[in-house]
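Asks: Sharing upload-v3.cif here; it has mmCIF, C-alpha atoms.
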```
data_coords
#
loop_
_atom_site.label_atom_id
_atom_site.label_comp_id
_atom_site.auth_asym_id
_atom_site.auth_seq_id
_atom_site.Cartn_x
_atom_site.Cartn_y
_atom_site.Cartn_z
CA MET A 647 17.31 73.22 -188.55
CA LEU A 648 15.06 75.16 -190.90
CA PHE A 649 14.66 72.09 -193.11
CA ALA A 650 13.74 69.91 -190.13
CA GLY A 651 11.10 72.44 -189.12
CA ARG A 652 9.50 72.38 -192.55
CA VAL A 653 9.41 68.57 -192.48
CA MET A 654 7.65 68.61 -189.11
CA VAL A 655 5.05 71.10 -190.33
CA ARG A 656 4.31 69.06 -193.44
CA SER A 657 4.03 65.89 -191.35
CA PHE A 658 1.59 67.58 -188.97
CA LEU A 659 -0.60 68.91 -191.78
CA HIS A 660 -0.62 65.50 -193.44
CA LYS A 661 -1.77 63.79 -190.26
CA LYS A 662 -4.39 66.41 -189.61
CA SER A 663 -5.66 66.62 -193.18
CA GLY A 664 -8.74 64.61 -192.19
CA LEU A 665 -9.54 67.14 -189.47
CA LEU A 666 -9.13 70.03 -191.89
CA GLN A 667 -11.46 68.36 -194.39
CA ASN A 668 -14.04 67.85 -191.67
CA LEU A 669 -13.80 71.47 -190.63
CA CYS A 670 -14.25 72.60 -194.22
CA THR A 671 -17.25 70.30 -194.57
CA LEU A 672 -18.74 71.66 -191.32
CA LYS A 673 -18.55 75.19 -192.64
CA THR A 674 -20.67 74.26 -195.65
CA LEU A 675 -23.47 72.73 -193.56
CA PRO A 676 -26.59 74.84 -193.00
CA TYR A 677 -26.63 76.63 -189.64
CA GLU A 678 -29.81 74.83 -188.59
CA GLN A 679 -28.26 71.41 -189.31
CA VAL A 680 -25.19 72.22 -187.25
CA MET A 681 -27.26 73.47 -184.30
CA THR A 682 -29.63 70.50 -184.46
CA HIS A 683 -26.80 68.24 -183.37
CA SER A 684 -25.52 70.50 -180.62
CA GLN A 685 -24.81 69.50 -177.06
CA TYR A 686 -27.94 71.39 -175.99
CA ASP A 687 -30.42 69.16 -177.80
CA TYR A 688 -31.34 67.42 -174.58
CA VAL A 689 -33.38 70.41 -173.37
CA LYS A 690 -36.12 69.47 -175.84
CA SER A 691 -36.85 66.44 -173.67
CA PHE A 692 -38.38 68.79 -171.09
CA GLU A 693 -41.22 69.72 -173.46
CA ILE A 694 -44.37 67.81 -172.59
CA PRO A 695 -46.64 66.81 -175.51
CA ASP A 696 -50.21 67.88 -174.85
CA PRO A 697 -52.38 66.66 -177.74
CA CYS A 698 -56.13 66.86 -177.27
CA LEU A 699 -57.92 63.53 -177.09
CA PRO A 700 -59.37 62.48 -180.46
CA ASN A 701 -63.10 62.71 -181.23
CA CYS A 702 -63.67 65.40 -178.61
CA TRP A 703 -64.77 69.01 -179.01
CA PRO A 704 -61.90 71.36 -178.05
CA VAL A 705 -63.28 74.57 -176.55
CA VAL A 706 -61.07 77.53 -175.69
CA ARG A 707 -62.59 80.11 -173.35
CA ILE A 708 -60.98 83.50 -172.84
CA ASP A 709 -61.82 85.78 -169.89
CA GLY A 710 -60.90 89.36 -169.17
CA LYS A 711 -58.49 89.71 -166.27
CA ASN A 712 -59.76 92.15 -163.65
CA PHE A 713 -62.19 93.72 -166.11
CA HIS A 714 -64.16 95.38 -163.32
CA LYS A 715 -61.18 97.68 -162.82
CA PHE A 716 -60.67 98.02 -166.59
CA SER A 717 -64.31 98.98 -167.22
CA THR A 718 -64.19 101.58 -164.42
CA ALA A 719 -60.94 103.08 -165.71
CA HIS A 720 -62.51 103.47 -169.16
CA ASN A 721 -65.91 104.69 -167.99
CA PHE A 722 -67.95 101.86 -169.48
CA GLU A 723 -71.68 102.56 -169.41
CA LYS A 724 -73.68 100.60 -166.82
CA PRO A 725 -75.23 98.06 -166.74
CA ASN A 726 -74.08 97.32 -170.32
CA ASP A 727 -71.89 99.22 -172.74
CA ASP A 728 -72.81 98.22 -176.28
CA ARG A 729 -69.52 99.60 -177.58
CA ALA A 730 -67.55 97.26 -175.33
CA LEU A 731 -69.72 94.26 -176.21
CA LYS A 732 -69.35 94.92 -179.93
CA LEU A 733 -65.59 95.34 -179.52
CA MET A 734 -65.45 91.90 -177.91
CA THR A 735 -67.34 90.47 -180.88
CA ALA A 736 -65.00 92.20 -183.33
CA ALA A 737 -62.02 90.61 -181.59
CA ALA A 738 -63.72 87.20 -181.59
CA THR A 739 -64.49 87.55 -185.30
CA SER A 740 -60.81 88.21 -185.91
CA VAL A 741 -59.97 84.93 -184.17
CA MET A 742 -62.44 83.07 -186.39
CA GLY A 743 -60.91 84.70 -189.43
CA LEU A 744 -57.50 83.37 -188.43
CA LEU A 745 -58.59 79.86 -187.48
CA ASN A 746 -60.96 78.27 -189.97
CA ASP A 747 -61.44 75.19 -187.78
CA ILE A 748 -63.48 77.21 -185.29
CA VAL A 749 -67.12 76.43 -186.07
CA LEU A 750 -68.77 78.62 -183.45
CA ALA A 751 -67.97 81.27 -180.87
CA TYR A 752 -70.20 82.42 -178.01
CA GLY A 753 -69.58 85.49 -175.91
CA GLN A 754 -71.06 87.65 -173.19
CA SER A 755 -69.68 90.30 -170.86
CA ASP A 756 -65.86 89.94 -170.87
CA GLU A 757 -65.65 86.33 -172.07
CA TYR A 758 -65.77 84.37 -175.32
CA SER A 759 -65.77 80.63 -175.99
CA PHE A 760 -64.40 79.19 -179.25
CA VAL A 761 -65.51 75.74 -180.41
CA PHE A 762 -63.10 73.91 -182.69
CA LYS A 763 -64.14 71.11 -185.02
CA LYS A 764 -64.23 67.76 -183.29
CA LYS A 765 -61.74 66.40 -185.81
CA THR A 766 -59.56 69.48 -186.09
CA LYS A 767 -55.88 68.91 -186.79
CA ALA A 768 -54.86 72.51 -186.27
CA TYR A 769 -51.47 72.72 -184.54
CA ASN A 770 -51.55 68.91 -184.26
CA ARG A 771 -54.35 69.34 -181.69
CA ARG A 772 -51.85 70.63 -179.11
CA ALA A 773 -53.87 72.18 -176.30
CA SER A 774 -51.24 74.77 -175.40
CA LYS A 775 -50.95 75.92 -179.00
CA LEU A 776 -54.70 76.23 -179.58
CA SER A 777 -55.23 78.08 -176.32
CA SER A 778 -52.30 80.46 -176.73
CA VAL A 779 -53.04 81.33 -180.36
CA VAL A 780 -56.68 82.11 -179.57
CA VAL A 781 -55.97 84.36 -176.59
CA SER A 782 -53.08 86.19 -178.27
CA GLN A 783 -55.09 86.89 -181.44
CA PHE A 784 -58.07 88.00 -179.35
CA SER A 785 -56.00 90.33 -177.14
CA THR A 786 -54.19 92.03 -180.00
CA SER A 787 -57.42 92.38 -182.00
CA TYR A 788 -59.14 93.98 -178.99
CA VAL A 789 -56.46 96.66 -178.84
CA TYR A 790 -56.32 96.98 -182.64
CA HIS A 791 -60.08 97.68 -182.94
CA TRP A 792 -60.34 99.86 -179.82
CA LYS A 793 -60.46 103.18 -181.69
CA LYS A 794 -63.28 101.99 -183.95
CA TYR A 795 -65.60 101.55 -180.97
CA PHE A 796 -64.14 104.16 -178.62
CA PRO A 797 -62.94 106.88 -181.03
CA GLU A 798 -62.76 109.62 -178.39
CA LEU A 799 -61.40 107.51 -175.54
CA GLU A 800 -57.72 106.69 -175.19
CA LEU A 801 -56.79 103.23 -174.01
CA GLN A 802 -55.45 103.82 -170.50
CA TYR A 803 -53.51 100.57 -170.24
CA PRO A 804 -53.36 97.23 -172.10
CA PRO A 805 -56.18 94.80 -171.29
CA ALA A 806 -55.29 91.24 -170.31
CA PHE A 807 -57.14 87.99 -171.01
CA ASP A 808 -56.56 84.48 -169.73
CA SER A 809 -57.53 81.28 -171.52
CA ARG A 810 -58.15 77.62 -170.90
CA LEU A 811 -58.96 74.67 -173.13
CA VAL A 812 -61.52 72.04 -172.15
CA LEU A 813 -62.50 68.91 -174.09
CA TYR A 814 -66.14 67.84 -174.37
CA PRO A 815 -66.56 64.23 -175.51
CA CYS A 816 -70.04 64.38 -177.04
CA ASP A 817 -72.49 66.78 -178.65
CA LYS A 818 -74.70 66.88 -175.54
CA ASN A 819 -71.77 67.90 -173.35
CA LEU A 820 -70.89 70.68 -175.79
CA ARG A 821 -74.45 71.97 -175.96
CA ASP A 822 -74.77 71.82 -172.18
CA TYR A 823 -71.57 73.85 -171.85
CA LEU A 824 -72.86 76.55 -174.20
CA SER A 825 -76.23 76.52 -172.43
CA TRP A 826 -74.43 77.02 -169.11
CA ARG A 827 -72.67 80.10 -170.48
CA GLN A 828 -75.92 81.56 -171.83
CA VAL A 829 -77.72 80.93 -168.55
CA ASP A 830 -74.83 82.69 -166.83
CA CYS A 831 -75.36 85.62 -169.20
CA HIS A 832 -79.03 85.85 -168.21
CA ILE A 833 -78.35 85.62 -164.46
CA ASN A 834 -75.59 88.22 -164.50
CA ASN A 835 -77.47 90.58 -166.79
CA MET A 836 -80.60 90.55 -164.66
CA TYR A 837 -78.64 91.18 -161.48
CA ASN A 838 -76.58 93.96 -163.09
CA TYR A 839 -79.68 95.72 -164.43
CA CYS A 840 -81.26 95.70 -160.98
CA PHE A 841 -78.06 96.69 -159.19
CA TRP A 842 -77.17 99.63 -161.41
CA LYS A 843 -80.74 100.93 -161.58
CA LEU A 844 -80.76 100.99 -157.77
CA VAL A 845 -77.41 102.76 -157.70
CA GLN A 846 -78.56 105.28 -160.30
CA SER A 847 -81.68 105.92 -158.23
CA GLY A 848 -79.57 107.05 -155.28
CA LEU A 849 -78.63 103.93 -153.28
CA THR A 850 -75.02 103.16 -152.45
CA HIS A 851 -73.32 100.06 -153.80
CA MET A 852 -73.64 98.33 -150.43
CA GLU A 853 -77.30 99.29 -150.05
CA SER A 854 -78.03 97.97 -153.54
CA GLN A 855 -76.32 94.68 -152.74
CA GLU A 856 -78.34 94.35 -149.55
CA ARG A 857 -81.55 95.12 -151.42
CA LEU A 858 -80.89 92.29 -153.87
CA LYS A 859 -79.59 89.74 -151.37
CA GLY A 860 -81.68 86.55 -151.49
CA THR A 861 -83.88 87.70 -154.39
CA LEU A 862 -84.93 85.26 -157.10
CA SER A 863 -85.51 85.87 -160.79
CA GLY A 864 -89.19 86.71 -160.22
CA ASP A 865 -88.29 89.21 -157.51
CA LYS A 866 -85.86 90.99 -159.80
CA ASN A 867 -88.40 91.07 -162.64
CA GLU A 868 -90.92 92.65 -160.28
CA LEU A 869 -88.39 95.18 -158.98
CA LEU A 870 -87.44 96.31 -162.50
CA PHE A 871 -91.07 96.65 -163.59
CA SER A 872 -92.65 98.14 -160.47
CA GLN A 873 -89.83 100.52 -159.52
CA PHE A 874 -88.33 101.42 -162.88
CA GLY A 875 -91.00 100.51 -165.43
CA ILE A 876 -88.70 98.06 -167.20
CA ASN A 877 -90.00 94.83 -168.71
CA TYR A 878 -86.95 92.56 -168.66
CA ASN A 879 -88.15 90.60 -171.68
CA ASN A 880 -88.08 93.78 -173.75
CA LEU A 881 -84.43 94.50 -173.07
CA PRO A 882 -82.00 94.06 -176.00
CA GLN A 883 -81.25 90.47 -176.99
CA LEU A 884 -77.57 91.42 -177.01
CA HIS A 885 -77.74 91.92 -173.25
CA ARG A 886 -80.02 89.01 -172.40
CA LYS A 887 -78.70 86.35 -174.80
CA GLY A 888 -75.10 87.29 -175.52
CA THR A 889 -73.64 86.81 -179.00
CA VAL A 890 -73.08 83.66 -181.03
CA ILE A 891 -70.83 83.87 -184.10
CA ILE A 892 -71.15 81.23 -186.80
CA ARG A 893 -70.20 80.62 -190.41
CA ASP A 894 -73.22 80.38 -192.66
CA LYS A 895 -74.32 81.03 -196.22
CA SER A 896 -77.70 82.52 -195.40
CA GLU A 897 -78.15 84.23 -192.04
CA ASN A 898 -79.91 87.43 -191.08
CA GLY A 899 -77.44 88.77 -188.59
CA ASP A 900 -74.64 91.28 -188.41
CA CYS A 901 -72.18 90.43 -191.18
CA ALA A 902 -68.83 90.30 -189.48
CA HIS A 903 -66.53 88.81 -192.09
CA GLY A 904 -66.89 87.48 -195.61
CA LYS A 905 -65.13 85.43 -198.24
CA SER A 906 -65.66 86.27 -201.87
CA GLY A 907 -65.83 83.54 -204.46
CA LYS A 908 -68.07 80.82 -205.75
CA ASP A 909 -68.66 79.33 -202.31
CA LYS A 910 -69.22 82.44 -200.27
CA VAL A 911 -69.24 81.85 -196.53
CA THR A 912 -70.24 84.71 -194.27
CA VAL A 913 -69.40 84.96 -190.61
CA VAL A 914 -72.36 86.45 -188.77
CA ALA A 915 -73.06 87.52 -185.21
CA LEU A 916 -76.46 86.55 -183.82
CA ASN A 917 -78.18 87.42 -180.54
CA THR A 918 -80.41 84.41 -180.14
CA ASP A 919 -81.26 81.47 -177.93
CA ILE A 920 -78.83 78.55 -178.15
CA ILE A 921 -80.30 76.52 -175.30
CA GLY A 922 -83.36 75.21 -177.14
CA LYS A 923 -83.40 72.77 -180.05
CA GLN A 924 -84.41 75.19 -182.79
CA PHE A 925 -81.01 76.85 -183.19
CA TRP A 926 -79.30 73.49 -183.64
CA GLU A 927 -81.97 71.86 -185.78
CA GLU A 928 -81.79 74.77 -188.24
CA ARG A 929 -77.99 74.44 -188.44
CA PRO A 930 -77.09 70.74 -188.31
CA HIS A 931 -73.71 71.46 -189.96
CA LEU A 932 -72.45 73.01 -186.72
CA LEU A 933 -72.28 69.63 -185.01
CA ALA A 934 -71.08 67.73 -188.05
CA GLY A 935 -67.57 67.70 -186.59
#
```
Please re-express this file's structure in structure tokens.

Replies:
Amino acid sequence: MLFAGRVMVRSFLHKKSGLLQNLCTLKTLPYEQVMTHSQYDYVKSFEIPDPCLPNCWPVVRIDGKNFHKFSTAHNFEKPNDDRALKLMTAAATSVMGLLNDIVLAYGQSDEYSFVFKKKTKAYNRRASKLSSVVVSQFSTSYVYHWKKYFPELELQYPPAFDSRLVLYPCDKNLRDYLSWRQVDCHINNMYNYCFWKLVQSGLTHMESQERLKGTLSGDKNELLFSQFGINYNNLPQLHRKGTVIIRDKSENGDCAHGKSGKDKVTVVALNTDIIGKQFWEERPHLLAG
């Protein structure tokens, strides 16, 4: 009986020797290779490819989420807090330092737009990747640099930013987009200066809103000058124009980031007009793609 049992065991092992060899082989395969051929591979089919169209300018714009509440909680100065504006620029500069294919960034208030090269191949031009990397780097950099600009003020809660990516098919469309954002900067800044000067003079928020309802640019200029002695054109360029960050070898702006070496490229922040032709004619490399 014992002999018969041994024969049966040997017979079984002989028949299953192929299985044992396969198992031994499986153990020597890299973990990644084993998992690649798992029964769960099919879930990858749910991922939707989202490459940006070729020969278009990818622009990622980030915006602060509910920054009115955030600025109130952190006692930002009104109508503009230079510390907060410079912190935004520091965060944007960090994004440009991470992603060399960004040729230009423009920001004002609680937003920044990042222009990628027309022919960029970063992250295989995947819109979701470009957008998510920009906003995550910006958000973490904002928190990271907070103490530099607000050394005596604790961050009360984490700020949040959203992002979207839009493609602009030609240089004119791109320039028109950036012009739109700078015009928005001017409109908002003029209104905010008037509104907060009225509030600081004793009016309530609602009374100040009523006072400004229906007023045009000329009316606001007159109000600032006649009532508060402020010439709008003499206000800081940072407030009126916003900030444009570019890579250049010879610019007279705030040096934000530098590369040492034979071909030194400096990232600078400028507060200048980007609507007219002069800015672009002096820097043709920006639209070279």

Asks: Can you pull out every residue within 7 Å of Ser854 in chain A, counting only C-alpha atoms, but drop anything in the same chain fewer than 3 positions away, and send it as an mmCIF file with C-alpha atoms, keeping the file's coordinate frame?

Replies:
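Full text of result-v8.cif as output:
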```
data_model
loop_
_atom_site.group_PDB
_atom_site.id
_atom_site.type_symbol
_atom_site.label_atom_id
_atom_site.label_comp_id
_atom_site.auth_asym_id
_atom_site.auth_seq_id
_atom_site.Cartn_x
_atom_site.Cartn_y
_atom_site.Cartn_z
ATOM 1 C CA PHE A 841 -78.060 96.690 -159.190
ATOM 2 C CA LEU A 844 -80.760 100.990 -157.770
ATOM 3 C CA VAL A 845 -77.410 102.760 -157.700
ATOM 4 C CA LEU A 849 -78.630 103.930 -153.280
ATOM 5 C CA THR A 850 -75.020 103.160 -152.450
ATOM 6 C CA HIS A 851 -73.320 100.060 -153.800
ATOM 7 C CA ARG A 857 -81.550 95.120 -151.420
ATOM 8 C CA LEU A 858 -80.890 92.290 -153.870
#
```

Asks: Report, in Å to a single decimal, how far apart CA of Lys887 in chain A and CA of Leu916 in chain A are.

Replies: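 These atoms are spaced 9.3 Å apart.
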
Asks: Suppose you want the space between CA of Asp808 in chain A and CA of Trp703 in chain A; what is it in Å?

Replies: 19.8 Å

Asks: Just how far from CA of Ser809 in chain A is CA of Arg729 in chain A, in Å to one decimal?

Replies: 22.7 Å

Asks: Leaving out Pro695 in chain A and any residue of its chain fewer than 4 positions from it, which residues lie within 10 Å of it when counting all atoms listed in the file, given as a list of chain:residue names?

Replies: A:Ser691, A:Arg772, A:Ala773, A:Ser774

Asks: Of the candidates A:Met734, A:Cys831, A:Leu870, A:Ile876, which shows the shortest atom-to-atom distance to Pro805 in chain A, using only C-alpha atoms?

Replies: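 Looking only at the distances to Pro805 in chain A, the closest residue turns out to be A:Met734.
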
Asks: Output the residue selection produced by the PyMOL selection byres ((chain A and resi 775-780) around 12) on the file above, formatted as an MDAnalysis selection string.

Replies: chainID A and resid 695:698 704:709 737:748 751 758:762 766:774 781:787 807:813

Asks: Find the residue from A:Asp894, A:His832, A:Asn819, A:His720 that sits nearest to Glu928 in chain A; use all atoms listed in the file when measuring.

Replies: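 Residue with the minimum atom-to-atom distance to Glu928 in chain A: A:Asp894.
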
Asks: For the file shown, report as a PDB file with C-alpha atoms, in the coordinates of the input the outcome of the PyMOL selection byres ((chain A and resi 883) around 12) at residue level.

Replies:
```pdb
ATOM      1  CA  ASN A 726     -74.080  97.320-170.320  1.00  0.00           C
ATOM      2  CA  ASP A 728     -72.810  98.220-176.280  1.00  0.00           C
ATOM      3  CA  GLN A 754     -71.060  87.650-173.190  1.00  0.00           C
ATOM      4  CA  GLN A 828     -75.920  81.560-171.830  1.00  0.00           C
ATOM      5  CA  CYS A 831     -75.360  85.620-169.200  1.00  0.00           C
ATOM      6  CA  HIS A 832     -79.030  85.850-168.210  1.00  0.00           C
ATOM      7  CA  ASN A 835     -77.470  90.580-166.790  1.00  0.00           C
ATOM      8  CA  TYR A 878     -86.950  92.560-168.660  1.00  0.00           C
ATOM      9  CA  ASN A 879     -88.150  90.600-171.680  1.00  0.00           C
ATOM     10  CA  ASN A 880     -88.080  93.780-173.750  1.00  0.00           C
ATOM     11  CA  LEU A 881     -84.430  94.500-173.070  1.00  0.00           C
ATOM     12  CA  PRO A 882     -82.000  94.060-176.000  1.00  0.00           C
ATOM     13  CA  LEU A 884     -77.570  91.420-177.010  1.00  0.00           C
ATOM     14  CA  HIS A 885     -77.740  91.920-173.250  1.00  0.00           C
ATOM     15  CA  ARG A 886     -80.020  89.010-172.400  1.00  0.00           C
ATOM     16  CA  LYS A 887     -78.700  86.350-174.800  1.00  0.00           C
ATOM     17  CA  GLY A 888     -75.100  87.290-175.520  1.00  0.00           C
ATOM     18  CA  THR A 889     -73.640  86.810-179.000  1.00  0.00           C
ATOM     19  CA  VAL A 890     -73.080  83.660-181.030  1.00  0.00           C
ATOM     20  CA  ALA A 915     -73.060  87.520-185.210  1.00  0.00           C
ATOM     21  CA  LEU A 916     -76.460  86.550-183.820  1.00  0.00           C
ATOM     22  CA  ASN A 917     -78.180  87.420-180.540  1.00  0.00           C
ATOM     23  CA  THR A 918     -80.410  84.410-180.140  1.00  0.00           C
ATOM     24  CA  ASP A 919     -81.260  81.470-177.930  1.00  0.00           C
TER      25      ASP A 919
END
```

Asks: Using only C-alpha atoms, which of A:Phe692, A:Phe716, A:Tyr752, A:Tyr795 sits nearest Lys732 in chain A?

Replies: A:Tyr795

Asks: Between A:Ala736, A:Glu856, A:Pro797, A:Lys763, which residue has the minimum interatomic distance to Val749 in chain A, considering all atoms listed in the file?

Replies: A:Lys763

Asks: Hey, what's within 10 Å of Asp727 in chain A if we count all atoms listed in the file and toss same-chain stuff fewer than 6 positions away? As a ChimeraX atom specification, please?

Replies: /A:717,721,755,885

Asks: For Trp926 in chain A, which residue out of A:Ser847, A:Leu820, A:Tyr688, A:Ala730 is the nearest one, using only C-alpha atoms?

Replies: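 Counting only C-alpha atoms, the residue closest to Trp926 in chain A is A:Leu820.
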
Asks: Do you know which residues are at most 9 Å from Lys724 in chain A counting only C-alpha atoms, after dropping those on the same chain fewer than 4 positions away, and could you put them as a list in words?

Replies: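 Near neighbours after the sequence-gap exclusion: Asn838, Tyr839, Trp842 and Lys843 of chain A.
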
Asks: Show me, as a list in words, the residues that have an atom within 10 Å of Ala719 in chain A when counting only C-alpha atoms, minus same-chain residues fewer than 6 positions from it.

Replies: Phe713, Leu801, Gln802 and Tyr803 of chain A

Asks: Which is closest to Arg929 in chain A among A:Cys840, A:Asn867, A:Ser684, A:Arg893, if we use all atoms listed in the file?

Replies: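 So, comparing all the options, the nearest one is A:Arg893.
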